[in-house]
file protein.txt (compact mmCIF, C-alpha atoms)
# COMPACT_ATOMS: atom_id res chain seq x y z
CA MET A 1 -12.68 69.10 -0.39
CA LYS A 2 -15.91 69.57 -2.30
CA SER A 3 -17.81 70.59 0.89
CA ARG A 4 -15.16 73.20 1.74
CA ALA A 5 -15.31 74.63 -1.76
CA ALA A 6 -19.11 74.85 -1.51
CA TRP A 7 -18.85 76.56 1.86
CA LEU A 8 -16.27 79.06 0.61
CA GLY A 9 -18.41 79.73 -2.47
CA ALA A 10 -21.42 80.44 -0.27
CA GLY A 11 -19.37 82.82 1.89
CA VAL A 12 -18.06 84.68 -1.16
CA ALA A 13 -21.60 84.94 -2.48
CA ALA A 14 -22.76 86.38 0.88
CA LEU A 15 -19.93 88.93 0.86
CA VAL A 16 -20.71 89.90 -2.72
CA VAL A 17 -24.35 90.36 -1.80
CA GLY A 18 -23.34 92.39 1.25
CA THR A 19 -20.94 94.51 -0.78
CA THR A 20 -23.53 95.12 -3.44
CA ALA A 21 -26.07 96.06 -0.82
CA CYS A 22 -23.62 98.46 0.75
CA GLN A 23 -22.85 100.00 -2.61
CA ASP A 24 -26.58 100.35 -3.30
CA GLY A 25 -27.03 101.87 0.15
CA ASP A 26 -24.20 104.27 -0.49
CA ARG A 27 -25.76 105.35 -3.74
CA SER A 28 -29.15 105.67 -2.06
CA ARG A 29 -27.62 107.73 0.74
CA GLN A 30 -25.80 109.88 -1.72
CA ASP A 31 -29.01 110.37 -3.64
CA THR A 32 -31.04 111.11 -0.57
CA ALA A 33 -28.32 112.94 1.34
CA GLU A 34 -29.32 116.10 -0.23
CA LYS A 35 -32.99 115.46 0.59
CA ASN A 36 -32.83 113.85 4.12
CA THR A 37 -31.60 115.24 7.33
CA PRO A 38 -28.52 113.77 9.00
CA GLY A 39 -30.65 111.81 11.51
CA GLN A 40 -32.68 110.24 8.81
CA GLN A 41 -29.59 109.28 6.88
CA VAL A 42 -28.14 107.49 9.94
CA GLU A 43 -31.31 105.53 10.49
CA GLN A 44 -31.44 104.47 6.89
CA ALA A 45 -27.83 103.34 7.01
CA GLN A 46 -28.50 101.20 10.07
CA LEU A 47 -31.51 99.60 8.42
CA GLN A 48 -29.51 98.82 5.32
CA SER A 49 -26.69 97.35 7.39
CA GLU A 50 -29.07 95.09 9.33
CA LYS A 51 -30.63 93.92 6.10
CA ALA A 52 -27.22 93.13 4.68
CA PHE A 53 -26.32 91.12 7.79
CA ASP A 54 -29.64 89.21 7.58
CA ASP A 55 -28.98 88.39 3.94
CA ALA A 56 -25.48 87.17 4.86
CA ARG A 57 -26.86 84.94 7.63
CA ASP A 58 -29.42 83.44 5.26
CA ALA A 59 -26.71 82.77 2.69
CA GLN A 60 -24.56 81.19 5.39
CA LYS A 61 -27.43 78.92 6.49
CA GLU A 62 -28.09 77.86 2.90
CA ALA A 63 -24.38 77.14 2.39
CA SER A 64 -24.31 75.02 5.57
CA SER A 65 -27.39 73.07 4.43
CA GLN A 66 -25.81 72.38 1.06
CA GLN A 67 -22.60 71.31 2.78
CA ARG A 68 -24.49 68.83 4.97
CA GLU A 69 -26.29 67.41 1.93
CA ALA A 70 -22.97 67.04 0.09
CA ALA A 71 -21.48 65.24 3.11
CA ARG A 72 -24.45 62.84 3.25
CA ALA A 73 -24.16 62.17 -0.49
CA GLN A 74 -20.44 61.45 -0.06
CA GLU A 75 -21.19 59.02 2.75
CA ASP A 76 -23.80 57.26 0.60
CA VAL A 77 -21.30 56.93 -2.23
CA GLN A 78 -18.67 55.47 0.10
CA HIS A 79 -21.21 53.05 1.58
CA LYS A 80 -22.31 51.86 -1.88
CA GLN A 81 -18.68 51.42 -2.92
CA GLN A 82 -18.00 49.34 0.19
CA GLU A 83 -21.06 47.17 -0.46
CA LEU A 84 -19.95 46.70 -4.07
CA GLN A 85 -16.46 45.64 -2.97
CA GLU A 86 -17.89 43.17 -0.45
CA ALA A 87 -20.26 41.72 -3.06
CA GLN A 88 -17.38 41.32 -5.55
CA ALA A 89 -15.20 39.63 -2.92
CA LYS A 90 -18.04 37.26 -1.97
CA ALA A 91 -18.72 36.39 -5.62
CA GLN A 92 -15.03 35.71 -6.26
CA LYS A 93 -14.80 33.50 -3.17
CA GLU A 94 -17.88 31.49 -4.19
CA SER A 95 -16.50 31.09 -7.71
CA GLN A 96 -13.19 29.76 -6.35
CA GLU A 97 -15.01 27.33 -4.06
CA ALA A 98 -17.16 26.09 -6.97
CA GLN A 99 -14.06 25.51 -9.11
CA ALA A 100 -12.36 23.62 -6.29
CA SER A 101 -15.45 21.43 -5.78
CA GLN A 102 -15.63 20.70 -9.50
CA GLN A 103 -11.95 19.70 -9.62
CA GLN A 104 -12.40 17.40 -6.61
CA ALA A 105 -15.43 15.77 -8.25
CA GLN A 106 -13.49 15.20 -11.48
CA ALA A 107 -10.56 13.71 -9.55
CA ARG A 108 -12.87 11.34 -7.68
CA THR A 109 -14.58 10.32 -10.92
CA GLN A 110 -11.24 9.56 -12.58
CA GLN A 111 -10.10 7.59 -9.54
CA ALA A 112 -13.32 5.55 -9.52
CA GLN A 113 -12.94 4.80 -13.24
CA SER A 114 -9.33 3.72 -12.72
CA VAL A 115 -10.31 1.41 -9.84
CA ALA A 116 -13.13 -0.09 -11.93
CA GLN A 117 -10.80 -0.71 -14.88
CA GLN A 118 -8.21 -2.36 -12.64
CA ALA A 119 -10.86 -4.55 -11.03
CA GLN A 120 -12.20 -5.56 -14.45
CA ALA A 121 -8.70 -6.36 -15.72
CA SER A 122 -7.98 -8.42 -12.60
CA ALA A 123 -11.25 -10.32 -12.99
CA LEU A 124 -10.50 -11.10 -16.65
CA ALA A 125 -6.98 -12.21 -15.80
CA ALA A 126 -8.27 -14.44 -12.98
CA GLN A 127 -10.89 -15.90 -15.30
CA ARG A 128 -8.32 -16.66 -17.99
CA GLN A 129 -5.97 -18.18 -15.41
CA ALA A 130 -8.75 -20.33 -13.97
CA GLN A 131 -9.75 -21.50 -17.43
CA GLN A 132 -6.13 -22.26 -18.30
CA ASN A 133 -5.66 -24.17 -15.03
CA PHE A 134 -8.84 -26.14 -15.65
CA THR A 135 -7.74 -27.01 -19.18
CA THR A 136 -4.29 -28.03 -17.94
CA GLN A 137 -5.73 -30.19 -15.17
CA GLN A 138 -8.18 -31.80 -17.56
CA GLN A 139 -5.39 -32.51 -20.03
CA GLN A 140 -3.18 -33.96 -17.29
CA ALA A 141 -6.01 -36.12 -15.99
CA SER A 142 -6.77 -37.35 -19.50
CA ASN A 143 -3.11 -38.13 -20.14
CA GLU A 144 -2.77 -39.94 -16.79
CA ASN A 145 -5.94 -41.88 -17.45
CA ALA A 146 -4.79 -42.79 -20.93
CA ALA A 147 -1.42 -43.87 -19.58
CA ALA A 148 -2.82 -45.83 -16.63
CA ASN A 149 -5.76 -47.66 -18.24
CA PRO A 150 -3.80 -49.66 -20.83
CA ARG A 151 -1.38 -50.86 -18.16
CA VAL A 152 -4.03 -51.78 -15.57
CA ALA A 153 -7.13 -52.80 -17.51
CA ASN A 154 -5.60 -54.51 -20.53
CA PRO A 155 -2.21 -56.18 -20.12
CA ASP A 156 -2.94 -58.19 -23.30
CA ALA A 157 -3.08 -54.94 -25.27
CA GLN A 158 0.36 -54.01 -23.94
CA GLN A 159 1.71 -57.31 -25.12
CA GLN A 160 0.15 -56.84 -28.52
CA GLN A 161 1.55 -53.31 -28.75
CA ALA A 162 4.99 -54.62 -27.78
CA ALA A 163 4.67 -57.33 -30.41
CA ASN A 164 3.54 -54.79 -33.01
CA PRO A 165 5.74 -51.65 -32.80
CA ASN A 166 3.80 -50.04 -35.67
CA ALA A 167 0.57 -49.81 -33.61
CA ALA A 168 1.56 -46.56 -31.87
CA THR A 169 2.56 -45.04 -35.20
CA GLN A 170 -0.77 -46.04 -36.71
CA GLN A 171 -2.66 -44.62 -33.72
CA ALA A 172 -0.78 -41.30 -34.01
CA ALA A 173 -1.43 -41.16 -37.77
CA ILE A 174 -5.15 -41.73 -37.23
CA ALA A 175 -5.27 -39.04 -34.53
CA GLN A 176 -3.39 -36.61 -36.78
CA ASN A 177 -5.75 -37.29 -39.68
CA SER A 178 -8.67 -36.82 -37.33
CA ARG A 179 -7.35 -33.48 -36.13
CA ALA A 180 -7.18 -32.30 -39.74
CA ALA A 181 -11.00 -32.35 -39.84
CA PRO A 182 -12.17 -32.05 -36.21
CA ALA A 183 -15.79 -31.37 -37.08
CA GLN A 184 -16.20 -34.36 -39.41
CA GLU A 185 -17.81 -37.53 -38.09
CA GLN A 186 -15.86 -40.73 -38.90
CA GLN A 187 -16.61 -44.44 -38.74
CA ILE A 188 -14.59 -47.46 -37.71
CA SER A 189 -15.35 -51.19 -37.48
CA GLY A 190 -13.30 -53.91 -35.84
CA ASP A 191 -12.81 -56.11 -32.83
CA VAL A 192 -12.50 -55.00 -29.23
CA LEU A 193 -9.12 -55.52 -27.62
CA SER A 194 -10.11 -53.90 -24.34
CA ALA A 195 -13.06 -51.93 -22.96
CA SER A 196 -13.65 -49.87 -19.85
CA ALA A 197 -16.05 -47.15 -18.74
CA GLN A 198 -13.65 -44.50 -20.08
CA GLU A 199 -12.40 -45.91 -23.39
CA VAL A 200 -12.61 -48.74 -25.95
CA LEU A 201 -9.61 -50.02 -27.89
CA VAL A 202 -10.63 -51.17 -31.37
CA SER A 203 -8.50 -53.57 -33.42
CA GLN A 204 -8.52 -54.35 -37.10
CA ARG A 205 -7.01 -57.62 -38.28
CA GLY A 206 -5.55 -58.28 -34.85
CA GLU A 207 -3.67 -54.97 -34.58
CA PRO A 208 -4.56 -52.05 -32.28
CA ARG A 209 -6.16 -49.48 -34.47
CA LEU A 210 -7.94 -46.74 -32.50
CA ARG A 211 -8.52 -45.86 -28.85
CA LEU A 212 -11.97 -44.27 -28.50
CA LYS A 213 -12.67 -42.04 -25.49
CA VAL A 214 -16.07 -42.64 -23.93
CA GLY A 215 -17.90 -39.69 -22.43
CA PRO A 216 -21.31 -38.96 -20.88
CA GLY A 217 -22.75 -38.25 -24.34
CA THR A 218 -21.59 -41.53 -25.91
CA GLN A 219 -24.45 -43.88 -26.88
CA VAL A 220 -23.51 -47.53 -26.28
CA GLN A 221 -25.50 -50.60 -27.32
CA VAL A 222 -24.55 -54.22 -26.83
CA ASP A 223 -26.52 -56.74 -28.88
CA GLY A 224 -29.13 -54.07 -29.59
CA ARG A 225 -29.65 -53.13 -25.94
CA ALA A 226 -28.50 -49.98 -24.18
CA ALA A 227 -25.42 -50.62 -22.07
CA SER A 228 -22.21 -49.04 -20.87
CA ALA A 229 -18.77 -49.33 -22.43
CA ALA A 230 -17.67 -51.53 -19.51
CA ASP A 231 -20.26 -54.15 -20.62
CA ILE A 232 -18.48 -54.68 -23.96
CA GLN A 233 -16.50 -57.94 -23.92
CA GLU A 234 -13.08 -58.45 -25.40
CA GLY A 235 -13.28 -59.84 -28.90
CA ALA A 236 -16.72 -58.37 -29.56
CA GLN A 237 -17.29 -56.79 -32.93
CA VAL A 238 -18.01 -53.06 -32.87
CA ARG A 239 -19.07 -50.39 -35.26
CA ALA A 240 -18.40 -46.90 -33.89
CA SER A 241 -18.74 -43.29 -35.00
CA TYR A 242 -16.47 -40.64 -33.50
CA ARG A 243 -15.10 -37.12 -33.80
CA THR A 244 -11.66 -35.80 -32.90
CA ASP A 245 -11.64 -33.35 -30.00
CA ALA A 246 -10.16 -30.02 -31.10
CA SER A 247 -8.43 -29.29 -27.79
CA SER A 248 -6.98 -32.68 -26.86
CA GLY A 249 -6.73 -34.25 -30.33
CA GLU A 250 -8.21 -37.54 -29.03
CA PRO A 251 -11.04 -39.46 -30.76
CA GLN A 252 -14.28 -39.03 -28.82
CA ALA A 253 -16.83 -41.79 -29.39
CA LEU A 254 -20.32 -40.64 -30.38
CA ARG A 255 -22.00 -44.05 -30.78
CA ILE A 256 -20.78 -47.61 -30.26
CA ASP A 257 -22.73 -50.66 -31.44
CA ALA A 258 -21.19 -53.90 -30.17
CA THR A 259 -22.04 -57.51 -30.94
CA SER A 260 -20.97 -60.10 -28.36
CA ARG A 261 -18.47 -62.69 -29.39
CA ALA A 262 -20.23 -65.89 -30.55
CA GLN A 263 -20.01 -68.67 -27.97
CA PRO A 264 -18.96 -72.16 -29.24
CA ALA A 265 -21.84 -74.61 -29.54
CA ALA A 266 -22.11 -77.29 -26.84
CA PRO A 267 -21.50 -80.94 -28.01
CA ALA A 268 -24.66 -82.87 -28.89
CA PRO A 269 -25.62 -85.72 -26.49
CA ALA A 270 -24.72 -89.22 -27.70
CA GLU A 271 -27.60 -91.19 -29.23
CA SER A 272 -28.54 -94.61 -27.87
CA GLY A 273 -26.59 -97.39 -29.45
CA GLU A 274 -23.66 -95.09 -30.15
CA SER A 275 -20.67 -94.92 -27.94
CA SER A 276 -18.88 -91.81 -26.98
CA PRO A 277 -15.33 -91.46 -28.15
CA GLY A 278 -13.06 -93.56 -26.05
CA VAL A 279 -15.94 -95.47 -24.46
CA PRO A 280 -16.43 -99.10 -25.67
CA ARG A 281 -19.89 -100.05 -26.86
CA SER A 282 -21.78 -102.50 -24.69
CA PRO A 283 -22.60 -105.79 -26.36
call {"tool": "encode", "arguments": {"input": "protein.txt", "output": "C-alpha cells"}}
result
Amino acid sequence: MKSRAAWLGAGVAALVVGTTACQDGDRSRQDTAEKNTPGQQVEQAQLQSEKAFDDARDAQKEASSQQREAARAQEDVQHKQQELQEAQAKAQKESQEAQASQQQAQARTQQAQSVAQQAQASALAAQRQAQQNFTTQQQQASNENAAANPRVANPDAQQQQAANPNAATQQAAIAQNSRAAPAQEQQISGDVLSASAQEVLVSQRGEPRLRLKVGPGTQVQVDGRAASAADIQEGAQVRASYRTDASSGEPQALRIDATSRAQPAAPAPAESGESSPGVPRSP
C-alpha cells in the first residue's frame, strides 16, 4: 500500500510539473506570439512539449526507484520480524526444557533422600532387633544355666534348699537389695556349698546365702594362688566382692578369695612300750 501511494504521488508530481510547464509555455507563446512568426511558435511549442515529457519520464524513474527502495525496506522489516519470532520461540523452548530438567532433578533428589531415610530406618530397626534378640538369648541362656547347674552340679544344695524353704526368699531379697544400688561394690563371707566354672554358692551359718556368677573378669585365688572357680572345694571359706548386674539383676563376682577346708590331722604313731587301743601289750 505504501509503495502504491508513493508511485501515485510521483505520477501526480510529474503531471503537475507537466501542467505547470505547459502553462508556462502557453504564457511564453502568448508573450512571444506577437513577436514570433507562426513557424517559430510551432517549433517552440514542440521543444517545450518534449521537455515536459522528459521531465515526466525522469519523475517516473525517480518514483520507481523510490518504490523499489520501499519494497526492499519492507522485506527487510519482515525478515527481521521473522528472525525475532524464531529467536523468541527458541528461547521459550529452551526455558521450558530447563524447567523440566530442573523438576526432574528435584524429583530424583527427593527420591534418593527417601530411599536413604528408609534404608537408615531399616538398619536401625534391624540393629535394635538384633540387640534385643541377643539380650533375650543371653537372658535365656543365663536362666537355663542357673536352673541346670544347681540340679546337676550340687544335689546337696538342692537338699539344703528343700530343707530350708527360706533360702530362696533370702536369695531374692539379697538380689533385690543389690539391684537397688547396681554400681556399688558389696562384700560377703561364708562357706562354699557348691562351686563350678560359672558360679559359686556361698552359705552363711549352713544356709544358702548368695549365688555368685563367675565371668571372664572374675579374679579367683585359692590359698593365695591364682585358680579358677572350679578349683574351689565344697566347705572352703570364701571372701568375695561383687556387683549386681543392671540388666539381669544377678550378682556378678569381681574377686573371690578361698581358703581350703582344713584337713583332719593324721593319728600319731604309737610309741614303743605303748599298745594301740584294742591291742594287748606284750609282756
call {"tool": "atom_distance", "arguments": {"input": "protein.txt", "atom1": "atom CA of A:Thr244", "atom2": "atom CA of A:Ala226"}}
result
23.7 Å
call {"tool": "residues_near_point", "arguments": {"input": "protein.txt", "point": "(-13.5, -46.0, -38.2)", "cutoff": "9 Å", "atoms": "only C-alpha atoms", "output": "PDB file with C-alpha atoms, keeping the file's coordinate frame"}}
result
ATOM      1  CA  GLN A 186     -15.860 -40.730 -38.900  1.00  0.00           C
ATOM      2  CA  GLN A 187     -16.610 -44.440 -38.740  1.00  0.00           C
ATOM      3  CA  ILE A 188     -14.590 -47.460 -37.710  1.00  0.00           C
ATOM      4  CA  SER A 189     -15.350 -51.190 -37.480  1.00  0.00           C
ATOM      5  CA  GLY A 190     -13.300 -53.910 -35.840  1.00  0.00           C
ATOM      6  CA  ARG A 209      -6.160 -49.480 -34.470  1.00  0.00           C
ATOM      7  CA  LEU A 210      -7.940 -46.740 -32.500  1.00  0.00           C
ATOM      8  CA  ARG A 239     -19.070 -50.390 -35.260  1.00  0.00           C
ATOM      9  CA  ALA A 240     -18.400 -46.900 -33.890  1.00  0.00           C
ATOM     10  CA  SER A 241     -18.740 -43.290 -35.000  1.00  0.00           C
ATOM     11  CA  TYR A 242     -16.470 -40.640 -33.500  1.00  0.00           C
TER      12      TYR A 242
END
call {"tool": "closest_residue", "arguments": {"input": "protein.txt", "among": "A:Ala141, A:Ala236, A:Ala126, A:Ala56", "to": "A:Arg261", "atoms": "all atoms listed in the file"}}
result
A:Ala236
call {"tool": "atom_distance", "arguments": {"input": "protein.txt", "atom1": "atom CA of A:Gln198", "atom2": "atom CA of A:Ile232"}}
result
11.9 Å
call {"tool": "atom_distance", "arguments": {"input": "protein.txt", "atom1": "atom CA of A:Ser196", "atom2": "atom CA of A:Ala230"}}
result
4.4 Å
call {"tool": "axis_aligned_box", "arguments": {"input": "protein.txt", "around": "stretch 200-205 of chain A", "padding_each_side": "4 Å", "output": "AutoDock Vina command-line options"}}
result
--center_x -9.8 --center_y -53.2 --center_z -32.1 --size_x 13.6 --size_y 16.9 --size_z 20.3
call {"tool": "residues_around", "arguments": {"input": "protein.txt", "residues": "A:Arg225", "least_positions_apart": "2", "cutoff": "12 Å", "atoms": "only C-alpha atoms", "output": "list in words"}}
result
Gln219, Val220, Gln221, Val222, Asp223, Ala227, Ser228, Asp231, Ile232, Ile256, Asp257, Ala258, Thr259 and Ser260 of chain A
call {"tool": "write_last_selection", "arguments": {"input": "protein.txt", "atoms": "C-alpha atoms", "output": "short mmCIF file (atom, residue, chain, number, x, y, z; two decimals), keeping the file's coordinate frame"}}
result
data_model
loop_
_atom_site.label_atom_id
_atom_site.label_comp_id
_atom_site.auth_asym_id
_atom_site.auth_seq_id
_atom_site.Cartn_x
_atom_site.Cartn_y
_atom_site.Cartn_z
CA GLN A 219 -24.45 -43.88 -26.88
CA VAL A 220 -23.51 -47.53 -26.28
CA GLN A 221 -25.50 -50.60 -27.32
CA VAL A 222 -24.55 -54.22 -26.83
CA ASP A 223 -26.52 -56.74 -28.88
CA ALA A 227 -25.42 -50.62 -22.07
CA SER A 228 -22.21 -49.04 -20.87
CA ASP A 231 -20.26 -54.15 -20.62
CA ILE A 232 -18.48 -54.68 -23.96
CA ILE A 256 -20.78 -47.61 -30.26
CA ASP A 257 -22.73 -50.66 -31.44
CA ALA A 258 -21.19 -53.90 -30.17
CA THR A 259 -22.04 -57.51 -30.94
CA SER A 260 -20.97 -60.10 -28.36
#
call {"tool": "closest_residue", "arguments": {"input": "protein.txt", "among": "A:Val202, A:Leu254, A:Ala116, A:Leu84", "to": "A:Gln233", "atoms": "all atoms listed in the file"}}
result
A:Val202
